[in-house]
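A short write-up of the structure that comes next.
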Amino acid sequence: MPLSDFQKVLEVNLTGAFLAAREAIKHFLAQEKPGVIINISSVHQEIPKPRFLAYSVSKGGMQNLTRTLALEYAHCGIRVNGVGPGATITPINNAWVNDPVKRAEVEKHIPMRRAGTSEEMAIVTAFLASDAAAYITGQTLFVDGGLTLYPDFATAWSSE
């Protein structure tokens, strides 16, 4: 992977989130009001994705950005959380969403055996922004149909 490609992904995914959070925090502090920041991460902040090194690294960094900002600004009433989507039906995923064979290959790895929808991601995001989540900070909620449960370990096995 060329360094320029690696840097571009980090600039968009991680630096972009940092810059947006920095401006939001400045605004919240200037207004002396609580606020909420929600970062959009991915299951790949936890699950490595071969051949997508920069993406996985950027999302791993997003986890630490979310947690560090949450810790630094909780006393100011600023909550910082993340949403970690799994496989989601969106236009960027049309290559596998619209191909029955590829879609089946993706969905067989998801314990719920289906991809999520953008509406499902939006509902969780709205929850984290709401007063119903007033005591949640520094967390990433994975909306992934169970993908972060490591479904390949669903059947018992042993190295003995």
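Following the order of the structure tokens, first chain is A, next is B, and so on, with residues numbered from 1 inside each chain and ligands from 1 in the order they appear.
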Open item on the list: Excluding Pro48 (chain A) and its own-chain neighbours fewer than 6 positions away, which residues fall within 10 Å of it when counting only C-alpha atoms? Please give them as a PyMOL selection string.
Closed with: chain A and resi 55-57+59-60
Task: Per-residue DSSP, region 17-126 of chain A, filtered to strand (DSSP E or B), as a PyMOL selection string - done: chain A and resi 35-40+78-85+88-89+116-117
Task: DSSP alpha helix (DSSP H) residues within region 51-153 of chain A, listed as a PyMOL selection string - done: chain A and resi 53-73+94-97+100-107+118-129
Only N, CA and C atoms, please: the residues just picked out, written as a compact mmCIF listing (two decimals), in the first residue's frame.
# COMPACT_ATOMS: atom_id res chain seq x y z
N LEU A 53 -5.83 -2.41 5.57
CA LEU A 53 -5.04 -2.00 6.73
C LEU A 53 -5.36 -0.59 7.19
N ALA A 54 -5.34 0.36 6.28
CA ALA A 54 -5.57 1.76 6.65
C ALA A 54 -6.95 1.94 7.27
N TYR A 55 -7.94 1.28 6.71
CA TYR A 55 -9.29 1.39 7.25
C TYR A 55 -9.34 0.85 8.68
N SER A 56 -8.81 -0.35 8.89
CA SER A 56 -8.81 -0.94 10.23
C SER A 56 -8.04 -0.08 11.21
N VAL A 57 -6.90 0.43 10.81
CA VAL A 57 -6.10 1.30 11.69
C VAL A 57 -6.87 2.57 12.02
N SER A 58 -7.52 3.16 11.03
CA SER A 58 -8.26 4.40 11.28
C SER A 58 -9.41 4.17 12.25
N LYS A 59 -10.08 3.04 12.14
CA LYS A 59 -11.20 2.76 13.04
C LYS A 59 -10.71 2.35 14.43
N GLY A 60 -9.56 1.69 14.52
CA GLY A 60 -8.95 1.42 15.82
C GLY A 60 -8.59 2.73 16.52
N GLY A 61 -8.07 3.67 15.75
CA GLY A 61 -7.78 5.00 16.30
C GLY A 61 -9.05 5.73 16.73
N MET A 62 -10.14 5.49 15.99
CA MET A 62 -11.42 6.11 16.35
C MET A 62 -11.86 5.67 17.74
N GLN A 63 -11.62 4.40 18.06
CA GLN A 63 -11.98 3.90 19.39
C GLN A 63 -11.24 4.70 20.46
N ASN A 64 -9.96 4.90 20.27
CA ASN A 64 -9.18 5.61 21.28
C ASN A 64 -9.50 7.10 21.28
N LEU A 65 -9.79 7.68 20.13
CA LEU A 65 -10.24 9.07 20.08
C LEU A 65 -11.52 9.23 20.89
N THR A 66 -12.47 8.35 20.67
CA THR A 66 -13.75 8.40 21.38
C THR A 66 -13.55 8.27 22.89
N ARG A 67 -12.79 7.29 23.31
CA ARG A 67 -12.59 7.03 24.73
C ARG A 67 -11.79 8.15 25.41
N THR A 68 -10.77 8.65 24.74
CA THR A 68 -9.93 9.69 25.35
C THR A 68 -10.71 10.99 25.49
N LEU A 69 -11.43 11.39 24.44
CA LEU A 69 -12.23 12.61 24.54
C LEU A 69 -13.33 12.47 25.59
N ALA A 70 -13.93 11.29 25.68
CA ALA A 70 -14.96 11.05 26.70
C ALA A 70 -14.39 11.25 28.09
N LEU A 71 -13.21 10.72 28.32
CA LEU A 71 -12.59 10.85 29.63
C LEU A 71 -12.20 12.29 29.93
N GLU A 72 -11.66 12.98 28.95
CA GLU A 72 -11.21 14.36 29.15
C GLU A 72 -12.35 15.34 29.38
N TYR A 73 -13.51 15.10 28.78
CA TYR A 73 -14.58 16.11 28.82
C TYR A 73 -15.84 15.68 29.56
N ASN A 94 -22.87 -1.77 -2.63
CA ASN A 94 -23.69 -2.36 -3.69
C ASN A 94 -23.03 -3.55 -4.37
N ALA A 95 -21.69 -3.60 -4.40
CA ALA A 95 -20.99 -4.70 -5.07
C ALA A 95 -21.37 -6.05 -4.47
N TRP A 96 -21.56 -6.10 -3.16
CA TRP A 96 -21.98 -7.37 -2.57
C TRP A 96 -23.47 -7.40 -2.24
N VAL A 97 -24.06 -6.25 -1.96
CA VAL A 97 -25.49 -6.22 -1.62
C VAL A 97 -26.34 -6.68 -2.80
N PRO A 100 -26.32 -11.81 -5.28
CA PRO A 100 -26.80 -12.82 -4.33
C PRO A 100 -25.70 -13.74 -3.79
N VAL A 101 -24.74 -14.11 -4.60
CA VAL A 101 -23.67 -15.00 -4.15
C VAL A 101 -22.77 -14.27 -3.16
N LYS A 102 -22.37 -13.05 -3.50
CA LYS A 102 -21.50 -12.27 -2.61
C LYS A 102 -22.24 -11.91 -1.32
N ARG A 103 -23.50 -11.57 -1.47
CA ARG A 103 -24.28 -11.21 -0.27
C ARG A 103 -24.38 -12.40 0.68
N ALA A 104 -24.64 -13.58 0.14
CA ALA A 104 -24.72 -14.78 0.98
C ALA A 104 -23.39 -15.04 1.67
N GLU A 105 -22.29 -14.79 0.97
CA GLU A 105 -20.96 -14.99 1.56
C GLU A 105 -20.75 -14.04 2.74
N VAL A 106 -21.17 -12.79 2.60
CA VAL A 106 -21.06 -11.82 3.70
C VAL A 106 -21.97 -12.21 4.85
N GLU A 107 -23.22 -12.48 4.54
CA GLU A 107 -24.21 -12.70 5.59
C GLU A 107 -24.03 -14.01 6.35
N SER A 118 -29.42 1.12 7.08
CA SER A 118 -29.03 2.45 7.54
C SER A 118 -30.01 2.96 8.60
N GLU A 119 -31.26 2.56 8.51
CA GLU A 119 -32.25 2.96 9.52
C GLU A 119 -31.88 2.40 10.89
N GLU A 120 -31.39 1.16 10.93
CA GLU A 120 -30.99 0.57 12.20
C GLU A 120 -29.80 1.31 12.80
N MET A 121 -28.89 1.77 11.96
CA MET A 121 -27.75 2.55 12.44
C MET A 121 -28.22 3.90 12.97
N ALA A 122 -29.17 4.50 12.27
CA ALA A 122 -29.69 5.81 12.66
C ALA A 122 -30.42 5.75 14.01
N ILE A 123 -31.15 4.69 14.25
CA ILE A 123 -31.88 4.55 15.51
C ILE A 123 -30.92 4.52 16.70
N VAL A 124 -29.83 3.77 16.57
CA VAL A 124 -28.84 3.70 17.65
C VAL A 124 -28.15 5.05 17.82
N THR A 125 -27.85 5.71 16.72
CA THR A 125 -27.22 7.03 16.78
C THR A 125 -28.14 8.03 17.49
N ALA A 126 -29.42 8.00 17.15
CA ALA A 126 -30.38 8.89 17.80
C ALA A 126 -30.48 8.59 19.29
N PHE A 127 -30.46 7.31 19.65
CA PHE A 127 -30.48 6.94 21.06
C PHE A 127 -29.28 7.54 21.79
N LEU A 128 -28.08 7.38 21.22
CA LEU A 128 -26.89 7.91 21.89
C LEU A 128 -26.93 9.43 22.01
N ALA A 129 -27.60 10.09 21.10
CA ALA A 129 -27.72 11.55 21.16
C ALA A 129 -28.78 12.01 22.15
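Each of A:Ala20, A:Val143, A:Leu149, A:Val83 was compared to Ile38 (chain A) using only C-alpha atoms, and A:Val83 turns out to be the nearest.
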TODO: Would you mind reading off the distance between CA of Ala134 (chain A) and CA of Gly35 (chain A), one decimal, in Å?
DONE: 10.2 Å
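Compared by their closest atoms to Gly86 (chain A), and using only C-alpha atoms, the residues A:Ile40, A:Val12, A:Ala154, A:Ala74 rank with A:Ile40 nearest.
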Need to verify the contact set: Thr117 (chain A), 8 Å, only C-alpha atoms, exclusion of same-chain residues closer than 4 positions in sequence. Can you return it as an mmCIF file with C-alpha atoms, in the first residue's frame?
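This is the output file part_26.cif:
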data_model
loop_
_atom_site.group_PDB
_atom_site.id
_atom_site.type_symbol
_atom_site.label_atom_id
_atom_site.label_comp_id
_atom_site.auth_asym_id
_atom_site.auth_seq_id
_atom_site.Cartn_x
_atom_site.Cartn_y
_atom_site.Cartn_z
ATOM 1 C CA THR A 88 -24.770 -2.508 6.198
ATOM 2 C CA ILE A 89 -26.930 -2.116 3.128
ATOM 3 C CA THR A 90 -25.735 1.183 1.687
ATOM 4 C CA MET A 121 -27.748 2.551 12.445
#
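Here the question is which of A:Gly77, A:Gly138, A:Pro151, A:Gly145 gets nearest to Ile25 (chain A) using only C-alpha atoms, and that residue is A:Gly77.
With only C-alpha atoms as the basis for measurement, A:Val80 is the residue among A:Val80, A:Asp131, A:Thr148, A:Glu32 that approaches Phe18 (chain A) most closely.
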TODO: Provide the CA of Lys26 (chain A) to CA of Phe142 (chain A) distance in Å, to one decimal place.
DONE: 27.7 Å
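The coordinates place CA of Ile78 (chain A) at 8.3 Å from CA of Lys33 (chain A).
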Extract, using only C-alpha atoms, all DNA, RNA and protein residues at most 12 Å from Tyr150 (chain A), discarding same-chain residues fewer than 6 positions from it, and format them as a tab-separated table (two decimals) with N, CA and C atoms, in the first residue's frame.
chain	number	residue	atom	x	y	z
A	43	VAL	N	-17.12	-2.16	12.93
A	43	VAL	CA	-16.70	-3.37	13.61
A	43	VAL	C	-15.20	-3.59	13.44
A	46	GLU	N	-12.42	-3.37	16.03
A	46	GLU	CA	-12.16	-4.56	16.83
A	46	GLU	C	-11.68	-5.74	15.99
A	47	ILE	N	-12.23	-5.89	14.82
A	47	ILE	CA	-11.95	-7.04	13.97
A	47	ILE	C	-11.02	-6.59	12.84
A	48	PRO	N	-9.81	-7.12	12.78
A	48	PRO	CA	-8.91	-6.75	11.68
A	48	PRO	C	-9.54	-7.12	10.33
A	109	HIS	N	-21.45	-14.99	7.71
A	109	HIS	CA	-20.54	-14.71	8.84
A	109	HIS	C	-21.23	-13.91	9.96
A	110	ILE	N	-22.44	-13.47	9.73
A	110	ILE	CA	-23.18	-12.66	10.69
A	110	ILE	C	-24.14	-13.57	11.45
A	111	PRO	N	-24.04	-13.62	12.78
A	111	PRO	CA	-24.92	-14.51	13.53
A	111	PRO	C	-26.42	-14.32	13.23
A	144	ASP	N	-24.27	-4.73	14.65
A	144	ASP	CA	-23.58	-5.62	13.71
A	144	ASP	C	-24.20	-7.01	13.59
Open item on the list: Under the rule that only C-alpha atoms are counted, which of A:Asn13, A:Leu29, A:Arg51, A:Thr140 is the nearest residue to Met1 (chain A)?
Closed with: A:Arg51
